[in-house]
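Asker: Dropping in query.cif, with mmCIF, C-alpha atoms and all ligand atoms; chains and numbers go by the auth columns.
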```cif
data_input
loop_
_atom_site.group_PDB
_atom_site.id
_atom_site.type_symbol
_atom_site.label_atom_id
_atom_site.label_comp_id
_atom_site.label_asym_id
_atom_site.label_seq_id
_atom_site.Cartn_x
_atom_site.Cartn_y
_atom_site.Cartn_z
_atom_site.B_iso_or_equiv
_atom_site.auth_seq_id
_atom_site.auth_asym_id
ATOM 1 C CA MET A 1 -91.631 7.175 1.463 0.00 18 Z
ATOM 2 C CA LEU A 2 -92.693 4.569 3.972 0.00 19 Z
ATOM 3 C CA ILE A 3 -93.342 0.973 2.974 0.00 20 Z
ATOM 4 C CA ALA A 4 -95.019 -1.038 5.744 0.00 21 Z
ATOM 5 C CA GLY A 5 -95.747 -4.748 5.761 0.00 22 Z
ATOM 6 C CA ASN A 6 -98.778 -6.007 7.693 0.00 23 Z
ATOM 7 C CA TRP A 7 -98.377 -9.720 8.233 0.00 24 Z
ATOM 8 C CA LYS A 8 -101.792 -10.038 9.917 0.00 25 Z
ATOM 9 C CA MET A 9 -102.213 -13.428 11.665 0.00 26 Z
ATOM 10 C CA ASN A 10 -99.533 -15.167 9.624 0.00 27 Z
ATOM 11 C CA LYS A 11 -96.210 -16.778 10.520 0.00 28 Z
ATOM 12 C CA THR A 12 -95.080 -18.291 13.783 0.00 29 Z
ATOM 13 C CA ALA A 13 -92.199 -16.620 15.590 0.00 30 Z
ATOM 14 C CA THR A 14 -89.874 -19.277 14.139 0.00 31 Z
ATOM 15 C CA GLU A 15 -91.078 -18.679 10.576 0.00 32 Z
ATOM 16 C CA GLY A 16 -90.917 -14.943 11.098 0.00 33 Z
ATOM 17 C CA VAL A 17 -87.218 -14.944 11.922 0.00 34 Z
ATOM 18 C CA SER A 18 -86.220 -16.154 8.479 0.00 35 Z
ATOM 19 C CA VAL A 19 -88.533 -13.696 6.682 0.00 36 Z
ATOM 20 C CA ILE A 20 -87.154 -10.773 8.696 0.00 37 Z
ATOM 21 C CA LYS A 21 -83.568 -11.925 8.100 0.00 38 Z
ATOM 22 C CA ASN A 22 -84.228 -12.171 4.350 0.00 39 Z
ATOM 23 C CA ILE A 23 -85.751 -8.699 4.224 0.00 40 Z
ATOM 24 C CA LEU A 24 -82.905 -7.198 6.250 0.00 41 Z
ATOM 25 C CA SER A 25 -80.204 -8.745 4.099 0.00 42 Z
ATOM 26 C CA SER A 26 -81.775 -7.200 0.967 0.00 43 Z
ATOM 27 C CA VAL A 27 -82.297 -3.662 2.263 0.00 44 Z
ATOM 28 C CA GLN A 28 -78.930 -2.947 3.888 0.00 45 Z
ATOM 29 C CA GLN A 29 -78.015 -0.424 1.192 0.00 46 Z
ATOM 30 C CA ILE A 30 -81.416 1.276 1.153 0.00 47 Z
ATOM 31 C CA THR A 31 -81.538 4.420 3.257 0.00 48 Z
ATOM 32 C CA SER A 32 -83.987 6.667 1.418 0.00 49 Z
ATOM 33 C CA VAL A 33 -87.128 4.643 2.143 0.00 50 Z
ATOM 34 C CA ASP A 34 -88.476 3.963 5.620 0.00 51 Z
ATOM 35 C CA ILE A 35 -89.501 0.343 6.033 0.00 52 Z
ATOM 36 C CA ALA A 36 -91.848 -1.025 8.684 0.00 53 Z
ATOM 37 C CA ILE A 37 -92.270 -4.720 9.434 0.00 54 Z
ATOM 38 C CA CYS A 38 -95.448 -5.420 11.425 0.00 55 Z
ATOM 39 C CA PRO A 39 -95.550 -9.095 12.395 0.00 56 Z
ATOM 40 C CA PRO A 40 -97.879 -10.642 15.004 0.00 57 Z
ATOM 41 C CA PHE A 41 -97.114 -9.805 18.663 0.00 58 Z
ATOM 42 C CA THR A 42 -95.406 -13.170 19.074 0.00 59 Z
ATOM 43 C CA SER A 43 -92.662 -12.132 16.632 0.00 60 Z
ATOM 44 C CA LEU A 44 -91.905 -8.749 18.177 0.00 61 Z
ATOM 45 C CA ALA A 45 -89.256 -9.946 20.624 0.00 62 Z
ATOM 46 C CA SER A 46 -87.278 -11.841 17.990 0.00 63 Z
ATOM 47 C CA GLY A 47 -87.814 -9.046 15.456 0.00 64 Z
ATOM 48 C CA SER A 48 -86.495 -6.532 17.927 0.00 65 Z
ATOM 49 C CA ALA A 49 -83.329 -8.581 18.434 0.00 66 Z
ATOM 50 C CA LEU A 50 -82.724 -8.761 14.667 0.00 67 Z
ATOM 51 C CA ILE A 51 -83.409 -5.185 13.534 0.00 68 Z
ATOM 52 C CA SER A 52 -80.755 -2.528 14.008 0.00 69 Z
ATOM 53 C CA GLN A 53 -80.961 -0.524 10.761 0.00 70 Z
ATOM 54 C CA GLU A 54 -82.263 2.961 11.542 0.00 71 Z
ATOM 55 C CA ASN A 55 -84.763 3.201 8.674 0.00 72 Z
ATOM 56 C CA VAL A 56 -86.208 -0.256 9.362 0.00 73 Z
ATOM 57 C CA TRP A 57 -88.946 -0.060 11.974 0.00 74 Z
ATOM 58 C CA LEU A 58 -90.582 -2.822 13.906 0.00 75 Z
ATOM 59 C CA GLY A 59 -94.345 -2.338 14.079 0.00 76 Z
ATOM 60 C CA ALA A 60 -97.325 -3.867 15.850 0.00 77 Z
ATOM 61 C CA GLN A 61 -100.774 -4.453 14.364 0.00 78 Z
ATOM 62 C CA ASN A 62 -102.840 -3.245 17.306 0.00 79 Z
ATOM 63 C CA MET A 63 -102.621 -2.104 20.929 0.00 80 Z
ATOM 64 C CA HIS A 64 -104.878 -1.089 23.809 0.00 81 Z
ATOM 65 C CA HIS A 65 -105.101 2.537 24.858 0.00 82 Z
ATOM 66 C CA GLU A 66 -104.903 1.928 28.622 0.00 83 Z
ATOM 67 C CA PRO A 67 -101.402 1.833 30.113 0.00 84 Z
ATOM 68 C CA LEU A 68 -101.989 -1.389 32.073 0.00 85 Z
ATOM 69 C CA GLY A 69 -104.650 -3.312 33.969 0.00 86 Z
ATOM 70 C CA ALA A 70 -107.367 -5.915 33.736 0.00 87 Z
ATOM 71 C CA TYR A 71 -107.710 -6.148 29.940 0.00 88 Z
ATOM 72 C CA THR A 72 -107.211 -9.833 29.281 0.00 89 Z
ATOM 73 C CA GLY A 73 -105.520 -10.527 25.974 0.00 90 Z
ATOM 74 C CA GLU A 74 -104.486 -6.940 25.339 0.00 91 Z
ATOM 75 C CA ILE A 75 -101.104 -5.256 24.846 0.00 92 Z
ATOM 76 C CA SER A 76 -100.207 -1.707 25.939 0.00 93 Z
ATOM 77 C CA ALA A 77 -98.058 0.965 24.328 0.00 94 Z
ATOM 78 C CA SER A 78 -95.341 0.621 26.973 0.00 95 Z
ATOM 79 C CA MET A 79 -95.131 -3.139 26.322 0.00 96 Z
ATOM 80 C CA LEU A 80 -94.516 -2.358 22.650 0.00 97 Z
ATOM 81 C CA LYS A 81 -91.981 0.372 23.444 0.00 98 Z
ATOM 82 C CA ASP A 82 -90.084 -2.044 25.667 0.00 99 Z
ATOM 83 C CA LEU A 83 -89.523 -4.253 22.600 0.00 100 Z
ATOM 84 C CA SER A 84 -88.266 -1.296 20.527 0.00 101 Z
ATOM 85 C CA VAL A 85 -91.452 -1.140 18.509 0.00 102 Z
ATOM 86 C CA SER A 86 -91.654 2.168 16.586 0.00 103 Z
ATOM 87 C CA CYS A 87 -95.100 2.124 15.004 0.00 104 Z
ATOM 88 C CA VAL A 88 -98.482 0.527 15.385 0.00 105 Z
ATOM 89 C CA ILE A 89 -101.279 -0.104 12.865 0.00 106 Z
ATOM 90 C CA LEU A 90 -104.572 1.162 14.309 0.00 107 Z
ATOM 91 C CA GLY A 91 -108.121 0.944 13.023 0.00 108 Z
ATOM 92 C CA HIS A 92 -107.422 -1.611 10.312 0.00 109 Z
ATOM 93 C CA SER A 93 -110.679 -2.498 8.544 0.00 110 Z
ATOM 94 C CA GLU A 94 -110.407 -6.068 9.840 0.00 111 Z
ATOM 95 C CA ARG A 95 -110.360 -4.720 13.409 0.00 112 Z
ATOM 96 C CA ARG A 96 -113.282 -2.456 12.607 0.00 113 Z
ATOM 97 C CA SER A 97 -115.409 -5.163 11.020 0.00 114 Z
ATOM 98 C CA TYR A 98 -114.497 -8.364 12.918 0.00 115 Z
ATOM 99 C CA PHE A 99 -113.781 -6.857 16.336 0.00 116 Z
ATOM 100 C CA GLY A 100 -116.260 -4.006 16.390 0.00 117 Z
ATOM 101 C CA GLU A 101 -113.715 -1.205 16.762 0.00 118 Z
ATOM 102 C CA THR A 102 -115.367 2.199 16.540 0.00 119 Z
ATOM 103 C CA ASP A 103 -113.876 5.531 15.471 0.00 120 Z
ATOM 104 C CA GLU A 104 -113.991 6.685 19.113 0.00 121 Z
ATOM 105 C CA PHE A 105 -112.141 3.608 20.396 0.00 122 Z
ATOM 106 C CA ILE A 106 -109.547 3.890 17.632 0.00 123 Z
ATOM 107 C CA ASN A 107 -109.042 7.581 18.467 0.00 124 Z
ATOM 108 C CA LYS A 108 -108.180 6.651 22.080 0.00 125 Z
ATOM 109 C CA LYS A 109 -105.513 4.300 20.753 0.00 126 Z
ATOM 110 C CA VAL A 110 -104.111 6.941 18.388 0.00 127 Z
ATOM 111 C CA LEU A 111 -103.758 9.427 21.250 0.00 128 Z
ATOM 112 C CA SER A 112 -102.215 6.822 23.540 0.00 129 Z
ATOM 113 C CA ALA A 113 -99.728 5.759 20.848 0.00 130 Z
ATOM 114 C CA LEU A 114 -98.608 9.367 20.306 0.00 131 Z
ATOM 115 C CA GLN A 115 -98.300 10.004 24.048 0.00 132 Z
ATOM 116 C CA ASN A 116 -96.005 6.994 24.198 0.00 133 Z
ATOM 117 C CA HIS A 117 -93.931 8.092 21.197 0.00 134 Z
ATOM 118 C CA LEU A 118 -95.218 5.327 18.961 0.00 135 Z
ATOM 119 C CA ILE A 119 -96.088 6.269 15.384 0.00 136 Z
ATOM 120 C CA PRO A 120 -99.743 5.399 14.751 0.00 137 Z
ATOM 121 C CA ILE A 121 -100.604 4.157 11.258 0.00 138 Z
ATOM 122 C CA LEU A 122 -104.285 5.064 11.260 0.00 139 Z
ATOM 123 C CA CYS A 123 -106.225 3.104 8.622 0.00 140 Z
ATOM 124 C CA VAL A 124 -109.317 4.477 6.912 0.00 141 Z
ATOM 125 C CA GLY A 125 -111.292 3.243 3.931 0.00 142 Z
ATOM 126 C CA GLU A 126 -114.727 2.713 2.467 0.00 143 Z
ATOM 127 C CA THR A 127 -116.506 -0.556 1.735 0.00 144 Z
ATOM 128 C CA LEU A 128 -117.625 -1.493 -1.766 0.00 145 Z
ATOM 129 C CA GLU A 129 -121.216 -0.686 -0.860 0.00 146 Z
ATOM 130 C CA GLU A 130 -120.224 2.755 0.402 0.00 147 Z
ATOM 131 C CA ARG A 131 -118.263 3.470 -2.787 0.00 148 Z
ATOM 132 C CA GLU A 132 -121.160 2.347 -4.968 0.00 149 Z
ATOM 133 C CA GLN A 133 -123.467 4.665 -3.034 0.00 150 Z
ATOM 134 C CA ASN A 134 -121.035 7.554 -3.682 0.00 151 Z
ATOM 135 C CA ARG A 135 -120.338 7.815 0.041 0.00 152 Z
ATOM 136 C CA THR A 136 -116.553 7.370 -0.115 0.00 153 Z
ATOM 137 C CA MET A 137 -115.625 10.934 0.862 0.00 154 Z
ATOM 138 C CA GLU A 138 -118.269 11.067 3.597 0.00 155 Z
ATOM 139 C CA VAL A 139 -116.920 7.866 5.179 0.00 156 Z
ATOM 140 C CA ILE A 140 -113.300 8.980 4.852 0.00 157 Z
ATOM 141 C CA SER A 141 -114.130 12.366 6.349 0.00 158 Z
ATOM 142 C CA ARG A 142 -115.782 10.790 9.382 0.00 159 Z
ATOM 143 C CA GLN A 143 -113.013 8.254 9.959 0.00 160 Z
ATOM 144 C CA VAL A 144 -110.245 10.844 9.593 0.00 161 Z
ATOM 145 C CA ARG A 145 -111.913 13.571 11.684 0.00 162 Z
ATOM 146 C CA LYS A 146 -112.812 11.203 14.510 0.00 163 Z
ATOM 147 C CA GLY A 147 -109.543 9.295 14.295 0.00 164 Z
ATOM 148 C CA VAL A 148 -107.309 12.358 14.656 0.00 165 Z
ATOM 149 C CA ALA A 149 -109.481 14.287 17.147 0.00 166 Z
ATOM 150 C CA GLY A 150 -107.463 15.792 19.970 0.00 167 Z
ATOM 151 C CA ILE A 151 -104.020 15.198 18.508 0.00 168 Z
ATOM 152 C CA PRO A 152 -101.778 17.947 19.863 0.00 169 Z
ATOM 153 C CA GLU A 153 -100.252 20.256 17.261 0.00 170 Z
ATOM 154 C CA GLN A 154 -96.669 19.193 18.025 0.00 171 Z
ATOM 155 C CA ALA A 155 -97.456 15.473 17.521 0.00 172 Z
ATOM 156 C CA ILE A 156 -99.006 15.702 14.050 0.00 173 Z
ATOM 157 C CA ASP A 157 -95.814 15.039 12.144 0.00 174 Z
ATOM 158 C CA GLN A 158 -95.629 11.656 13.915 0.00 175 Z
ATOM 159 C CA LEU A 159 -98.960 10.610 12.439 0.00 176 Z
ATOM 160 C CA VAL A 160 -99.220 8.263 9.454 0.00 177 Z
ATOM 161 C CA LEU A 161 -102.518 7.627 7.689 0.00 178 Z
ATOM 162 C CA ALA A 162 -103.271 4.672 5.452 0.00 179 Z
ATOM 163 C CA TYR A 163 -106.037 4.790 2.860 0.00 180 Z
ATOM 164 C CA GLU A 164 -107.192 1.214 2.426 0.00 181 Z
ATOM 165 C CA PRO A 165 -110.373 0.767 0.405 0.00 182 Z
ATOM 166 C CA VAL A 166 -111.957 -2.298 2.019 0.00 183 Z
ATOM 167 C CA TRP A 167 -112.930 -3.717 -1.374 0.00 184 Z
ATOM 168 C CA ALA A 168 -109.249 -3.786 -2.369 0.00 185 Z
ATOM 169 C CA ILE A 169 -107.886 -5.566 0.709 0.00 186 Z
ATOM 170 C CA GLY A 170 -106.843 -9.130 -0.010 0.00 187 Z
ATOM 171 C CA THR A 171 -109.090 -9.241 -3.072 0.00 188 Z
ATOM 172 C CA GLY A 172 -106.580 -8.654 -5.857 0.00 189 Z
ATOM 173 C CA ARG A 173 -108.642 -5.585 -6.833 0.00 190 Z
ATOM 174 C CA THR A 174 -106.494 -2.478 -6.564 0.00 191 Z
ATOM 175 C CA ALA A 175 -107.652 1.116 -6.692 0.00 192 Z
ATOM 176 C CA THR A 176 -106.366 2.725 -9.870 0.00 193 Z
ATOM 177 C CA PRO A 177 -103.599 5.265 -9.240 0.00 194 Z
ATOM 178 C CA GLU A 178 -106.125 8.021 -10.073 0.00 195 Z
ATOM 179 C CA MET A 179 -108.680 6.674 -7.579 0.00 196 Z
ATOM 180 C CA ALA A 180 -106.027 6.475 -4.878 0.00 197 Z
ATOM 181 C CA GLN A 181 -104.753 9.987 -5.640 0.00 198 Z
ATOM 182 C CA GLU A 182 -108.255 11.428 -5.483 0.00 199 Z
ATOM 183 C CA VAL A 183 -108.847 10.089 -1.961 0.00 200 Z
ATOM 184 C CA HIS A 184 -105.306 10.871 -0.769 0.00 201 Z
ATOM 185 C CA ALA A 185 -105.666 14.487 -1.912 0.00 202 Z
ATOM 186 C CA TYR A 186 -108.997 14.641 -0.102 0.00 203 Z
ATOM 187 C CA ILE A 187 -107.417 13.290 3.103 0.00 204 Z
ATOM 188 C CA ARG A 188 -104.638 15.885 2.805 0.00 205 Z
ATOM 189 C CA LYS A 189 -107.260 18.619 2.388 0.00 206 Z
ATOM 190 C CA LEU A 190 -109.134 17.375 5.462 0.00 207 Z
ATOM 191 C CA LEU A 191 -105.912 17.416 7.476 0.00 208 Z
ATOM 192 C CA SER A 192 -105.161 20.956 6.347 0.00 209 Z
ATOM 193 C CA GLU A 193 -108.634 22.033 7.502 0.00 210 Z
ATOM 194 C CA ILE A 194 -108.265 20.286 10.858 0.00 211 Z
ATOM 195 C CA PHE A 195 -104.658 21.349 11.507 0.00 212 Z
ATOM 196 C CA SER A 196 -102.913 23.552 8.918 0.00 213 Z
ATOM 197 C CA GLN A 197 -101.638 23.111 5.390 0.00 214 Z
ATOM 198 C CA GLN A 198 -98.074 23.097 6.647 0.00 215 Z
ATOM 199 C CA LYS A 199 -98.849 20.305 9.126 0.00 216 Z
ATOM 200 C CA ALA A 200 -100.929 18.356 6.586 0.00 217 Z
ATOM 201 C CA GLU A 201 -97.988 18.226 4.232 0.00 218 Z
ATOM 202 C CA LYS A 202 -95.912 16.472 6.884 0.00 219 Z
ATOM 203 C CA VAL A 203 -98.374 13.609 7.375 0.00 220 Z
ATOM 204 C CA ARG A 204 -97.511 10.534 5.366 0.00 221 Z
ATOM 205 C CA ILE A 205 -100.498 8.989 3.624 0.00 222 Z
ATOM 206 C CA LEU A 206 -99.978 5.369 2.582 0.00 223 Z
ATOM 207 C CA TYR A 207 -102.074 3.417 0.093 0.00 224 Z
ATOM 208 C CA GLY A 208 -103.054 -0.143 0.964 0.00 225 Z
ATOM 209 C CA GLY A 209 -105.107 -2.740 -0.861 0.00 226 Z
ATOM 210 C CA SER A 210 -103.598 -5.455 -3.050 0.00 227 Z
ATOM 211 C CA MET A 211 -100.392 -3.507 -3.623 0.00 228 Z
ATOM 212 C CA LYS A 212 -97.948 -5.849 -5.371 0.00 229 Z
ATOM 213 C CA PRO A 213 -94.545 -5.533 -7.066 0.00 230 Z
ATOM 214 C CA ASP A 214 -96.240 -5.036 -10.451 0.00 231 Z
ATOM 215 C CA ASN A 215 -98.603 -2.216 -9.477 0.00 232 Z
ATOM 216 C CA ALA A 216 -96.624 -0.481 -6.723 0.00 233 Z
ATOM 217 C CA ALA A 217 -94.644 1.949 -8.893 0.00 234 Z
ATOM 218 C CA SER A 218 -97.688 3.555 -10.524 0.00 235 Z
ATOM 219 C CA LEU A 219 -99.484 3.962 -7.182 0.00 236 Z
ATOM 220 C CA LEU A 220 -96.382 5.333 -5.449 0.00 237 Z
ATOM 221 C CA ALA A 221 -95.850 7.814 -8.291 0.00 238 Z
ATOM 222 C CA GLN A 222 -99.001 9.745 -7.348 0.00 239 Z
ATOM 223 C CA PRO A 223 -98.237 13.090 -5.707 0.00 240 Z
ATOM 224 C CA ASP A 224 -100.179 12.442 -2.492 0.00 241 Z
ATOM 225 C CA VAL A 225 -99.205 8.776 -2.106 0.00 242 Z
ATOM 226 C CA ASP A 226 -96.334 8.747 0.386 0.00 243 Z
ATOM 227 C CA GLY A 227 -95.915 4.999 0.674 0.00 244 Z
ATOM 228 C CA GLY A 228 -97.732 1.700 0.942 0.00 245 Z
ATOM 229 C CA LEU A 229 -99.249 -0.610 3.519 0.00 246 Z
ATOM 230 C CA ILE A 230 -98.869 -4.102 2.183 0.00 247 Z
ATOM 231 C CA GLY A 231 -100.645 -7.218 3.404 0.00 248 Z
ATOM 232 C CA GLY A 232 -100.353 -10.406 1.354 0.00 249 Z
ATOM 233 C CA ALA A 233 -97.300 -9.342 -0.650 0.00 250 Z
ATOM 234 C CA SER A 234 -95.347 -8.547 2.530 0.00 251 Z
ATOM 235 C CA LEU A 235 -95.336 -12.199 3.621 0.00 252 Z
ATOM 236 C CA ASP A 236 -92.779 -13.062 0.989 0.00 253 Z
ATOM 237 C CA ALA A 237 -89.465 -11.265 1.542 0.00 254 Z
ATOM 238 C CA ALA A 238 -88.659 -11.041 -2.175 0.00 255 Z
ATOM 239 C CA SER A 239 -91.965 -9.442 -3.160 0.00 256 Z
ATOM 240 C CA PHE A 240 -91.880 -7.053 -0.187 0.00 257 Z
ATOM 241 C CA VAL A 241 -88.344 -5.996 -1.109 0.00 258 Z
ATOM 242 C CA ASN A 242 -89.416 -5.482 -4.737 0.00 259 Z
ATOM 243 C CA ILE A 243 -92.142 -3.115 -3.581 0.00 260 Z
ATOM 244 C CA ILE A 244 -89.601 -1.273 -1.402 0.00 261 Z
ATOM 245 C CA LYS A 245 -87.350 -0.933 -4.463 0.00 262 Z
ATOM 246 C CA SER A 246 -90.175 0.559 -6.491 0.00 263 Z
ATOM 247 C CA ALA A 247 -90.327 3.356 -3.902 0.00 264 Z
ATOM 248 C CA LEU A 248 -86.698 4.360 -4.528 0.00 265 Z
HETATM 249 C C1 LIG B . -103.896 -4.766 4.476 0.00 1 C
HETATM 250 O O1 LIG B . -104.656 -5.552 5.006 0.00 1 C
HETATM 251 O O2 LIG B . -103.390 -3.848 5.149 0.00 1 C
HETATM 252 C C2 LIG B . -103.638 -4.942 3.044 0.00 1 C
HETATM 253 C C3 LIG B . -103.309 -3.892 2.349 0.00 1 C
HETATM 254 O O3 LIG B . -103.782 -6.200 2.553 0.00 1 C
HETATM 255 P P1 LIG B . -103.480 -6.719 1.044 0.00 1 C
HETATM 256 O O4 LIG B . -102.206 -6.053 0.596 0.00 1 C
HETATM 257 O O5 LIG B . -103.337 -8.196 1.168 0.00 1 C
HETATM 258 O O6 LIG B . -104.635 -6.286 0.211 0.00 1 C
#
```
Please go through the file and, once you have read it, give me the structure as structure tokens.
Ligand code: PEP
Answerer:
Amino acid sequence: MLIAGNWKMNKTATEGVSVIKNILSSVQQITSVDIAICPPFTSLASGSALISQENVWLGAQNMHHEPLGAYTGEISASMLKDLSVSCVILGHSERRSYFGETDEFINKKVLSALQNHLIPILCVGETLEEREQNRTMEVISRQVRKGVAGIPEQAIDQLVLAYEPVWAIGTGRTATPEMAQEVHAYIRKLLSEIFSQQKAEKVRILYGGSMKPDNAASLLAQPDVDGGLIGGASLDAASFVNIIKSAL
């Protein structure tokens, strides 16, 4: 299991230190769940200095695919690696909708992350309109196929996918465990067609979208749900830790 917290654009570096300290002090005994804390870029340096537990990863929420250069405001994979960042969220629906990120652009980032030994957490998910038009699987298929294009065989087990129905993000509306399982199983099937069944089984598929301490256990109990990507509920150390505990 992997439980990842996406803080989005919340918490100053100063505020972040106490949240990270509180999380760390509560998970010292937990070794069977991987935990990723993905604060804003401004908290990565202090986060890196605080985290030493092997199963607790520091993560970023975005990066640029080019190694360096004239890309004002952007951050490269090597800059993240230098701060001991282990994983990076890519293709979040907020990046797709507010910043115009396309499947092709996201794919470049996925490949660059893997080349730099960063674990990409590739987010996919349909909008409410797409679900109501029965286009969920079509949208997921396109986002997954384009997002993972060109990944070399030996790098696939480093890949993490996150199914995040857009209508469930930050809305309090969660997919039912059955709805999540249906799409997760479909993603696994797609991966087995693109790569192989053996490789597809190694890819962790997280569910994200209003996951909270009170609904986490039933979602995480689904056979193809390998963890969670948590937004709002990861901002409070106690609720994030409760979700981690429901993955034990
Ligand atoms: C997210 O944005 O990745 C997310 C899952 O948000 P929330 O948990 O707040 O719905």
Asker: Show me the residues around (-102.2, -6.9, 12.3) - criterion: an atom at most 10 Å away, only C-alpha atoms counted - as an mmCIF file with C-alpha atoms, in the frame of the given file.
Answerer:
```
data_model
loop_
_atom_site.group_PDB
_atom_site.id
_atom_site.type_symbol
_atom_site.label_atom_id
_atom_site.label_comp_id
_atom_site.auth_asym_id
_atom_site.auth_seq_id
_atom_site.Cartn_x
_atom_site.Cartn_y
_atom_site.Cartn_z
ATOM 1 C CA GLY Z 22 -95.747 -4.748 5.761
ATOM 2 C CA ASN Z 23 -98.778 -6.007 7.693
ATOM 3 C CA TRP Z 24 -98.377 -9.720 8.233
ATOM 4 C CA LYS Z 25 -101.792 -10.038 9.917
ATOM 5 C CA MET Z 26 -102.213 -13.428 11.665
ATOM 6 C CA ASN Z 27 -99.533 -15.167 9.624
ATOM 7 C CA CYS Z 55 -95.448 -5.420 11.425
ATOM 8 C CA PRO Z 56 -95.550 -9.095 12.395
ATOM 9 C CA PRO Z 57 -97.879 -10.642 15.004
ATOM 10 C CA PHE Z 58 -97.114 -9.805 18.663
ATOM 11 C CA GLY Z 76 -94.345 -2.338 14.079
ATOM 12 C CA ALA Z 77 -97.325 -3.867 15.850
ATOM 13 C CA GLN Z 78 -100.774 -4.453 14.364
ATOM 14 C CA ASN Z 79 -102.840 -3.245 17.306
ATOM 15 C CA MET Z 80 -102.621 -2.104 20.929
ATOM 16 C CA VAL Z 105 -98.482 0.527 15.385
ATOM 17 C CA ILE Z 106 -101.279 -0.104 12.865
ATOM 18 C CA LEU Z 107 -104.572 1.162 14.309
ATOM 19 C CA GLY Z 108 -108.121 0.944 13.023
ATOM 20 C CA HIS Z 109 -107.422 -1.611 10.312
ATOM 21 C CA GLU Z 111 -110.407 -6.068 9.840
ATOM 22 C CA ARG Z 112 -110.360 -4.720 13.409
ATOM 23 C CA GLY Z 248 -100.645 -7.218 3.404
#
```
Asker: Apply the PyMOL selection byres (((chain Z and resi 120-128) around 10) and not hetatm) to the displayed file and report the matching residues as number ranges by chain.
Answerer: Z: 79-83, 93-94, 105-109, 112-113, 117-119, 129-141, 159-169, 172, 176
Asker: Just to be explicit: take each residue in the selection above, keep C-alpha atoms, and write the result as an mmCIF file, in the frame of the given file.
Answerer:
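What landed in out-v3.cif:
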```cif
data_model
loop_
_atom_site.group_PDB
_atom_site.id
_atom_site.type_symbol
_atom_site.label_atom_id
_atom_site.label_comp_id
_atom_site.auth_asym_id
_atom_site.auth_seq_id
_atom_site.Cartn_x
_atom_site.Cartn_y
_atom_site.Cartn_z
ATOM 1 C CA ASN Z 79 -102.840 -3.245 17.306
ATOM 2 C CA MET Z 80 -102.621 -2.104 20.929
ATOM 3 C CA HIS Z 81 -104.878 -1.089 23.809
ATOM 4 C CA HIS Z 82 -105.101 2.537 24.858
ATOM 5 C CA GLU Z 83 -104.903 1.928 28.622
ATOM 6 C CA SER Z 93 -100.207 -1.707 25.939
ATOM 7 C CA ALA Z 94 -98.058 0.965 24.328
ATOM 8 C CA VAL Z 105 -98.482 0.527 15.385
ATOM 9 C CA ILE Z 106 -101.279 -0.104 12.865
ATOM 10 C CA LEU Z 107 -104.572 1.162 14.309
ATOM 11 C CA GLY Z 108 -108.121 0.944 13.023
ATOM 12 C CA HIS Z 109 -107.422 -1.611 10.312
ATOM 13 C CA ARG Z 112 -110.360 -4.720 13.409
ATOM 14 C CA ARG Z 113 -113.282 -2.456 12.607
ATOM 15 C CA GLY Z 117 -116.260 -4.006 16.390
ATOM 16 C CA GLU Z 118 -113.715 -1.205 16.762
ATOM 17 C CA THR Z 119 -115.367 2.199 16.540
ATOM 18 C CA SER Z 129 -102.215 6.822 23.540
ATOM 19 C CA ALA Z 130 -99.728 5.759 20.848
ATOM 20 C CA LEU Z 131 -98.608 9.367 20.306
ATOM 21 C CA GLN Z 132 -98.300 10.004 24.048
ATOM 22 C CA ASN Z 133 -96.005 6.994 24.198
ATOM 23 C CA HIS Z 134 -93.931 8.092 21.197
ATOM 24 C CA LEU Z 135 -95.218 5.327 18.961
ATOM 25 C CA ILE Z 136 -96.088 6.269 15.384
ATOM 26 C CA PRO Z 137 -99.743 5.399 14.751
ATOM 27 C CA ILE Z 138 -100.604 4.157 11.258
ATOM 28 C CA LEU Z 139 -104.285 5.064 11.260
ATOM 29 C CA CYS Z 140 -106.225 3.104 8.622
ATOM 30 C CA VAL Z 141 -109.317 4.477 6.912
ATOM 31 C CA ARG Z 159 -115.782 10.790 9.382
ATOM 32 C CA GLN Z 160 -113.013 8.254 9.959
ATOM 33 C CA VAL Z 161 -110.245 10.844 9.593
ATOM 34 C CA ARG Z 162 -111.913 13.571 11.684
ATOM 35 C CA LYS Z 163 -112.812 11.203 14.510
ATOM 36 C CA GLY Z 164 -109.543 9.295 14.295
ATOM 37 C CA VAL Z 165 -107.309 12.358 14.656
ATOM 38 C CA ALA Z 166 -109.481 14.287 17.147
ATOM 39 C CA GLY Z 167 -107.463 15.792 19.970
ATOM 40 C CA ILE Z 168 -104.020 15.198 18.508
ATOM 41 C CA PRO Z 169 -101.778 17.947 19.863
ATOM 42 C CA ALA Z 172 -97.456 15.473 17.521
ATOM 43 C CA LEU Z 176 -98.960 10.610 12.439
#
```
Asker: Between Z:Gln175, Z:Ser110, Z:Thr59, Z:Ser49, which one has atoms that come closest to Asn72 in chain Z, using only C-alpha atoms?
Answerer: Z:Ser49
Asker: Let me see if you get this right: every residue at most 7 Å from ligand LIG 1 (chain C), counting only C-alpha atoms and all ligand atoms, written as a list in words.
Answerer: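 Checked against 7 Å with only C-alpha atoms and all ligand atoms; the hits are Asn23, His109, Glu181, Ala185, Ile186, Gly187, Thr188, Gly189, Gly225, Gly226, Ser227, Met228, Leu246, Ile247, Gly248, Gly249 and Ala250 of chain Z.
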Asker: Distance CA of Val36 in chain Z-CA of Gln70 in chain Z, one decimal place?
Answerer: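 Spanning CA of Val36 in chain Z to CA of Gln70 in chain Z is a straight-line distance of 15.7 Å.
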Asker: Provide the CA of Thr48 in chain Z to CA of Val34 in chain Z distance in Å, to one decimal place.
Answerer: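 Spanning CA of Thr48 in chain Z to CA of Val34 in chain Z is a straight-line distance of 22.0 Å.
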Asker: Could you tell me which of Z:Tyr224, Z:Phe116, Z:Phe257, Z:Phe212 comes closest to Pro240 in chain Z if we count all atoms listed in the file?
Answerer: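 Of Z:Tyr224, Z:Phe116, Z:Phe257, Z:Phe212, the one nearest Pro240 in chain Z is Z:Tyr224, counting all atoms listed in the file.
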